[in-house]
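K.L.:
Input: one structure, supplied below.
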Amino acid sequence: MSSTAQVVVTAIVNVRPEAREEALGALRTGIEGTHAEDGCIAYALHEDNTNPARFVIVEKWASQDALEAHGQAEHLKAMFGVVGPLLAEPPVIVFTTPLAVGDPAKATI
(Lines give C-alpha, C1' and ligand atoms only; values in the text may rest on other atoms or scores of the structure.)
Protein backbone atom coordinates (compact mmCIF):
# COMPACT_ATOMS: atom_id res chain seq x y z
CA MET A 1 0.00 0.00 0.00
CA SER A 2 1.23 3.46 -0.87
CA SER A 3 1.64 6.01 1.92
CA THR A 4 -0.58 8.30 -0.19
CA ALA A 5 -3.51 5.86 -0.64
CA GLN A 6 -6.64 6.47 1.41
CA VAL A 7 -7.03 4.31 4.50
CA VAL A 8 -10.27 3.27 6.20
CA VAL A 9 -10.09 2.16 9.81
CA THR A 10 -12.86 0.42 11.72
CA ALA A 11 -12.51 0.15 15.48
CA ILE A 12 -14.86 -1.82 17.73
CA VAL A 13 -14.62 -0.65 21.31
CA ASN A 14 -16.42 -2.49 24.12
CA VAL A 15 -16.51 -0.69 27.45
CA ARG A 16 -17.86 -1.89 30.77
CA PRO A 17 -21.60 -1.08 30.82
CA GLU A 18 -21.30 1.07 33.95
CA ALA A 19 -18.54 3.10 32.27
CA ARG A 20 -20.50 3.89 29.08
CA GLU A 21 -21.19 7.57 29.80
CA GLU A 22 -17.63 8.31 30.88
CA ALA A 23 -16.26 6.56 27.79
CA LEU A 24 -18.72 8.38 25.53
CA GLY A 25 -17.62 11.74 26.92
CA ALA A 26 -13.96 10.95 26.25
CA LEU A 27 -14.74 9.65 22.76
CA ARG A 28 -16.67 12.82 21.92
CA THR A 29 -13.80 15.04 23.04
CA GLY A 30 -11.21 13.00 21.15
CA ILE A 31 -13.29 12.92 17.99
CA GLU A 32 -13.87 16.68 18.03
CA GLY A 33 -10.08 17.15 18.04
CA THR A 34 -9.63 14.54 15.34
CA HIS A 35 -12.05 16.29 12.98
CA ALA A 36 -9.64 19.25 12.88
CA GLU A 37 -6.65 17.13 11.83
CA ASP A 38 -5.09 17.39 8.39
CA GLY A 39 -5.97 14.31 6.37
CA CYS A 40 -9.09 13.37 8.35
CA ILE A 41 -11.79 12.76 5.74
CA ALA A 42 -14.27 11.16 8.15
CA TYR A 43 -14.27 9.98 11.74
CA ALA A 44 -17.71 8.73 12.72
CA LEU A 45 -18.83 7.28 16.05
CA HIS A 46 -21.60 4.68 16.09
CA GLU A 47 -23.35 2.85 18.91
CA ASP A 48 -24.28 -0.82 18.57
CA ASN A 49 -28.09 -1.17 18.37
CA THR A 50 -28.12 -4.18 20.70
CA ASN A 51 -25.28 -3.27 23.07
CA PRO A 52 -25.02 0.41 24.09
CA ALA A 53 -21.60 -0.24 25.66
CA ARG A 54 -20.17 -1.20 22.24
CA PHE A 55 -19.00 1.62 20.01
CA VAL A 56 -17.92 1.33 16.39
CA ILE A 57 -15.69 4.04 14.97
CA VAL A 58 -15.30 4.29 11.20
CA GLU A 59 -12.45 6.52 10.06
CA LYS A 60 -11.27 7.58 6.63
CA TRP A 61 -7.83 9.11 6.19
CA ALA A 62 -6.34 10.76 3.13
CA SER A 63 -3.16 8.68 3.50
CA GLN A 64 -1.21 6.34 5.74
CA ASP A 65 0.97 9.33 6.65
CA ALA A 66 -2.11 11.24 7.89
CA LEU A 67 -3.21 8.21 9.92
CA GLU A 68 0.24 7.89 11.46
CA ALA A 69 0.23 11.59 12.40
CA HIS A 70 -3.19 11.06 14.00
CA GLY A 71 -1.70 8.33 16.16
CA GLN A 72 0.64 10.92 17.71
CA ALA A 73 -2.06 13.55 18.40
CA GLU A 74 -2.31 14.70 22.02
CA HIS A 75 -6.13 14.62 22.01
CA LEU A 76 -6.03 10.98 20.87
CA LYS A 77 -3.57 10.07 23.63
CA ALA A 78 -5.84 11.83 26.16
CA MET A 79 -8.86 9.93 24.83
CA PHE A 80 -7.06 6.59 25.15
CA GLY A 81 -5.93 7.58 28.65
CA VAL A 82 -9.55 7.82 29.76
CA VAL A 83 -11.10 5.05 27.67
CA GLY A 84 -8.34 2.47 28.16
CA PRO A 85 -9.16 1.66 31.80
CA LEU A 86 -12.89 1.51 30.95
CA LEU A 87 -12.55 -1.24 28.35
CA ALA A 88 -14.32 -4.56 28.88
CA GLU A 89 -11.88 -6.18 26.42
CA PRO A 90 -9.17 -5.09 23.98
CA PRO A 91 -10.54 -3.16 21.00
CA VAL A 92 -10.64 -4.72 17.55
CA ILE A 93 -9.06 -2.42 14.96
CA VAL A 94 -9.07 -3.20 11.24
CA PHE A 95 -7.06 -1.18 8.70
CA THR A 96 -8.33 -1.37 5.12
CA THR A 97 -7.82 0.17 1.68
CA PRO A 98 -11.00 1.05 -0.23
CA LEU A 99 -11.74 -1.03 -3.34
CA ALA A 100 -14.21 0.67 -5.67
CA VAL A 101 -16.66 -1.97 -6.85
CA GLY A 102 -20.00 -1.17 -8.49
CA ASP A 103 -21.46 2.34 -8.34
CA PRO A 104 -18.51 4.70 -7.69
CA ALA A 105 -20.73 7.01 -5.62
CA LYS A 106 -21.63 4.15 -3.29
CA ALA A 107 -18.61 1.88 -3.49
CA THR A 108 -16.42 3.43 -0.81
CA ILE A 109 -16.84 5.19 2.49
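Residue numbers start at 1 in each chain; chains themselves are named A, B, ... in the order of the C-alpha coordinates; ligands are numbered from 1 in the order shown.
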Could you give me, as a list in words, the residues within 10 Å of region 41-50 of chain A, counting only C-alpha atoms and dropping anything in the same chain fewer than 6 positions from it?

P.N.:
Gln6, Val7, Val8, Val9, Thr10, Ala11, Ile12, Val13, Asn14, Leu24, Leu27, Arg28, Ile31, Glu32, Thr34, His35, Val56, Ile57, Val58, Glu59, Lys60, Trp61, Ala62, Ser63 and Ile109 of chain A

K.L.:
What residues in chain A get the DSSP label helix (DSSP H, G or I)? Please answer as an MDAnalysis selection string.

P.N.:
chainID A and resid 17:35 64:70 74:86

K.L.:
So, with only C-alpha atoms as the atoms that count, which of A:Ile93, A:Gly71, A:Val83, A:Lys77 lies closest to Gly25 (chain A)?

P.N.:
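For Gly25 (chain A), the nearest of the given residues is A:Val83.
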
K.L.:
Excluding Glu18 (chain A) and residues on its chain fewer than 4 positions from it, collect all residues at most 10 Å away from it, counting only C-alpha atoms, and give them as a list in words.

P.N.:
Glu22, Ala23, Ala53 and Leu86 of chain A

K.L.:
Store the residues of this selection in a file with N, CA, C and O atoms, as a PDB file, in the first residue's frame.

P.N.:
```
ATOM      1  N   GLU A  22     -18.981   7.741  30.773  1.00  0.00           N
ATOM      2  CA  GLU A  22     -17.634   8.308  30.882  1.00  0.00           C
ATOM      3  C   GLU A  22     -16.844   8.079  29.590  1.00  0.00           C
ATOM      4  O   GLU A  22     -16.184   8.988  29.084  1.00  0.00           O
ATOM      5  N   ALA A  23     -16.956   6.865  29.047  1.00  0.00           N
ATOM      6  CA  ALA A  23     -16.259   6.558  27.792  1.00  0.00           C
ATOM      7  C   ALA A  23     -16.802   7.420  26.653  1.00  0.00           C
ATOM      8  O   ALA A  23     -16.027   7.961  25.857  1.00  0.00           O
ATOM      9  N   ALA A  53     -22.970  -0.385  25.167  1.00  0.00           N
ATOM     10  CA  ALA A  53     -21.599  -0.240  25.660  1.00  0.00           C
ATOM     11  C   ALA A  53     -20.580  -0.630  24.588  1.00  0.00           C
ATOM     12  O   ALA A  53     -19.394  -0.683  24.856  1.00  0.00           O
ATOM     13  N   LEU A  86     -11.451   1.797  30.959  1.00  0.00           N
ATOM     14  CA  LEU A  86     -12.891   1.512  30.953  1.00  0.00           C
ATOM     15  C   LEU A  86     -13.260   0.342  30.054  1.00  0.00           C
ATOM     16  O   LEU A  86     -14.415  -0.095  30.036  1.00  0.00           O
TER      17      LEU A  86
END
```

K.L.:
What parts of chain A does DSSP call strand (DSSP E or B)? I'd like the answer as a PyMOL selection string.

P.N.:
chain A and resi 7-15+40-47+54-61+87+92-96

K.L.:
For those residues, write N, CA, C and O atoms to a file as a tab-separated table (two decimals), in the first residue's frame.

P.N.:
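Below is the file that was written, result.tsv:
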```
chain	number	residue	atom	x	y	z
A	7	VAL	N	-6.96	5.41	3.55
A	7	VAL	CA	-7.03	4.31	4.50
A	7	VAL	C	-8.34	4.44	5.27
A	7	VAL	O	-8.69	5.53	5.74
A	8	VAL	N	-9.06	3.32	5.39
A	8	VAL	CA	-10.27	3.27	6.20
A	8	VAL	C	-9.97	2.39	7.40
A	8	VAL	O	-9.42	1.29	7.26
A	9	VAL	N	-10.32	2.89	8.57
A	9	VAL	CA	-10.09	2.16	9.81
A	9	VAL	C	-11.45	1.94	10.48
A	9	VAL	O	-12.26	2.86	10.56
A	10	THR	N	-11.67	0.72	10.94
A	10	THR	CA	-12.86	0.42	11.72
A	10	THR	C	-12.38	-0.09	13.07
A	10	THR	O	-11.57	-1.01	13.14
A	11	ALA	N	-12.88	0.55	14.12
A	11	ALA	CA	-12.51	0.15	15.48
A	11	ALA	C	-13.77	-0.22	16.24
A	11	ALA	O	-14.76	0.53	16.23
A	12	ILE	N	-13.75	-1.37	16.88
A	12	ILE	CA	-14.86	-1.82	17.73
A	12	ILE	C	-14.37	-1.76	19.16
A	12	ILE	O	-13.38	-2.40	19.52
A	13	VAL	N	-15.05	-0.94	19.95
A	13	VAL	CA	-14.62	-0.65	21.31
A	13	VAL	C	-15.74	-1.05	22.27
A	13	VAL	O	-16.83	-0.49	22.23
A	14	ASN	N	-15.47	-2.05	23.11
A	14	ASN	CA	-16.42	-2.49	24.12
A	14	ASN	C	-15.96	-1.99	25.48
A	14	ASN	O	-14.86	-2.33	25.93
A	15	VAL	N	-16.82	-1.19	26.12
A	15	VAL	CA	-16.51	-0.69	27.45
A	15	VAL	C	-17.40	-1.40	28.47
A	15	VAL	O	-18.42	-2.00	28.11
A	40	CYS	N	-7.89	14.07	7.85
A	40	CYS	CA	-9.09	13.37	8.35
A	40	CYS	C	-10.23	13.66	7.38
A	40	CYS	O	-10.72	14.78	7.29
A	41	ILE	N	-10.66	12.63	6.66
A	41	ILE	CA	-11.79	12.76	5.74
A	41	ILE	C	-13.09	12.50	6.48
A	41	ILE	O	-14.08	13.19	6.28
A	42	ALA	N	-13.08	11.50	7.35
A	42	ALA	CA	-14.27	11.16	8.15
A	42	ALA	C	-13.81	10.45	9.41
A	42	ALA	O	-12.82	9.71	9.40
A	43	TYR	N	-14.54	10.67	10.48
A	43	TYR	CA	-14.27	9.98	11.74
A	43	TYR	C	-15.61	9.94	12.45
A	43	TYR	O	-16.05	10.92	13.04
A	44	ALA	N	-16.32	8.82	12.30
A	44	ALA	CA	-17.71	8.73	12.72
A	44	ALA	C	-17.88	7.71	13.84
A	44	ALA	O	-17.43	6.57	13.73
A	45	LEU	N	-18.56	8.14	14.90
A	45	LEU	CA	-18.83	7.28	16.05
A	45	LEU	C	-20.22	6.68	15.91
A	45	LEU	O	-21.19	7.40	15.63
A	46	HIS	N	-20.32	5.38	16.14
A	46	HIS	CA	-21.60	4.68	16.09
A	46	HIS	C	-21.77	3.89	17.38
A	46	HIS	O	-20.78	3.46	17.98
A	47	GLU	N	-23.03	3.67	17.75
A	47	GLU	CA	-23.35	2.85	18.91
A	47	GLU	C	-24.05	1.59	18.42
A	47	GLU	O	-24.94	1.68	17.57
A	54	ARG	N	-21.06	-0.88	23.36
A	54	ARG	CA	-20.17	-1.20	22.24
A	54	ARG	C	-20.25	-0.04	21.24
A	54	ARG	O	-21.31	0.30	20.74
A	55	PHE	N	-19.10	0.53	20.97
A	55	PHE	CA	-19.00	1.62	20.01
A	55	PHE	C	-18.22	1.14	18.79
A	55	PHE	O	-17.28	0.37	18.91
A	56	VAL	N	-18.63	1.63	17.63
A	56	VAL	CA	-17.92	1.33	16.39
A	56	VAL	C	-17.50	2.68	15.80
A	56	VAL	O	-18.34	3.57	15.61
A	57	ILE	N	-16.22	2.82	15.56
A	57	ILE	CA	-15.69	4.04	14.97
A	57	ILE	C	-15.21	3.71	13.57
A	57	ILE	O	-14.43	2.78	13.37
A	58	VAL	N	-15.71	4.46	12.59
A	58	VAL	CA	-15.30	4.29	11.20
A	58	VAL	C	-14.56	5.56	10.81
A	58	VAL	O	-15.11	6.66	10.90
A	59	GLU	N	-13.32	5.39	10.40
A	59	GLU	CA	-12.45	6.52	10.06
A	59	GLU	C	-12.03	6.41	8.60
A	59	GLU	O	-11.84	5.32	8.10
A	60	LYS	N	-11.84	7.56	7.98
A	60	LYS	CA	-11.27	7.58	6.63
A	60	LYS	C	-10.20	8.65	6.61
A	60	LYS	O	-10.46	9.82	6.93
A	61	TRP	N	-9.00	8.23	6.21
A	61	TRP	CA	-7.83	9.11	6.19
A	61	TRP	C	-7.33	9.28	4.77
A	61	TRP	O	-7.37	8.34	3.98
A	87	LEU	N	-12.28	-0.17	29.31
A	87	LEU	CA	-12.55	-1.24	28.35
A	87	LEU	C	-12.96	-2.53	29.03
A	87	LEU	O	-12.40	-2.92	30.06
A	92	VAL	N	-10.96	-4.09	18.82
A	92	VAL	CA	-10.64	-4.72	17.55
A	92	VAL	C	-10.48	-3.58	16.54
A	92	VAL	O	-11.40	-2.76	16.38
A	93	ILE	N	-9.33	-3.50	15.91
A	93	ILE	CA	-9.06	-2.42	14.96
A	93	ILE	C	-8.64	-3.05	13.65
A	93	ILE	O	-7.71	-3.87	13.61
A	94	VAL	N	-9.34	-2.65	12.57
A	94	VAL	CA	-9.07	-3.20	11.24
A	94	VAL	C	-8.70	-2.05	10.32
A	94	VAL	O	-9.43	-1.06	10.22
A	95	PHE	N	-7.56	-2.18	9.64
A	95	PHE	CA	-7.06	-1.18	8.70
A	95	PHE	C	-7.32	-1.71	7.29
A	95	PHE	O	-6.91	-2.82	6.97
A	96	THR	N	-7.99	-0.91	6.46
A	96	THR	CA	-8.33	-1.37	5.12
A	96	THR	C	-8.04	-0.30	4.08
A	96	THR	O	-7.93	0.88	4.40
```
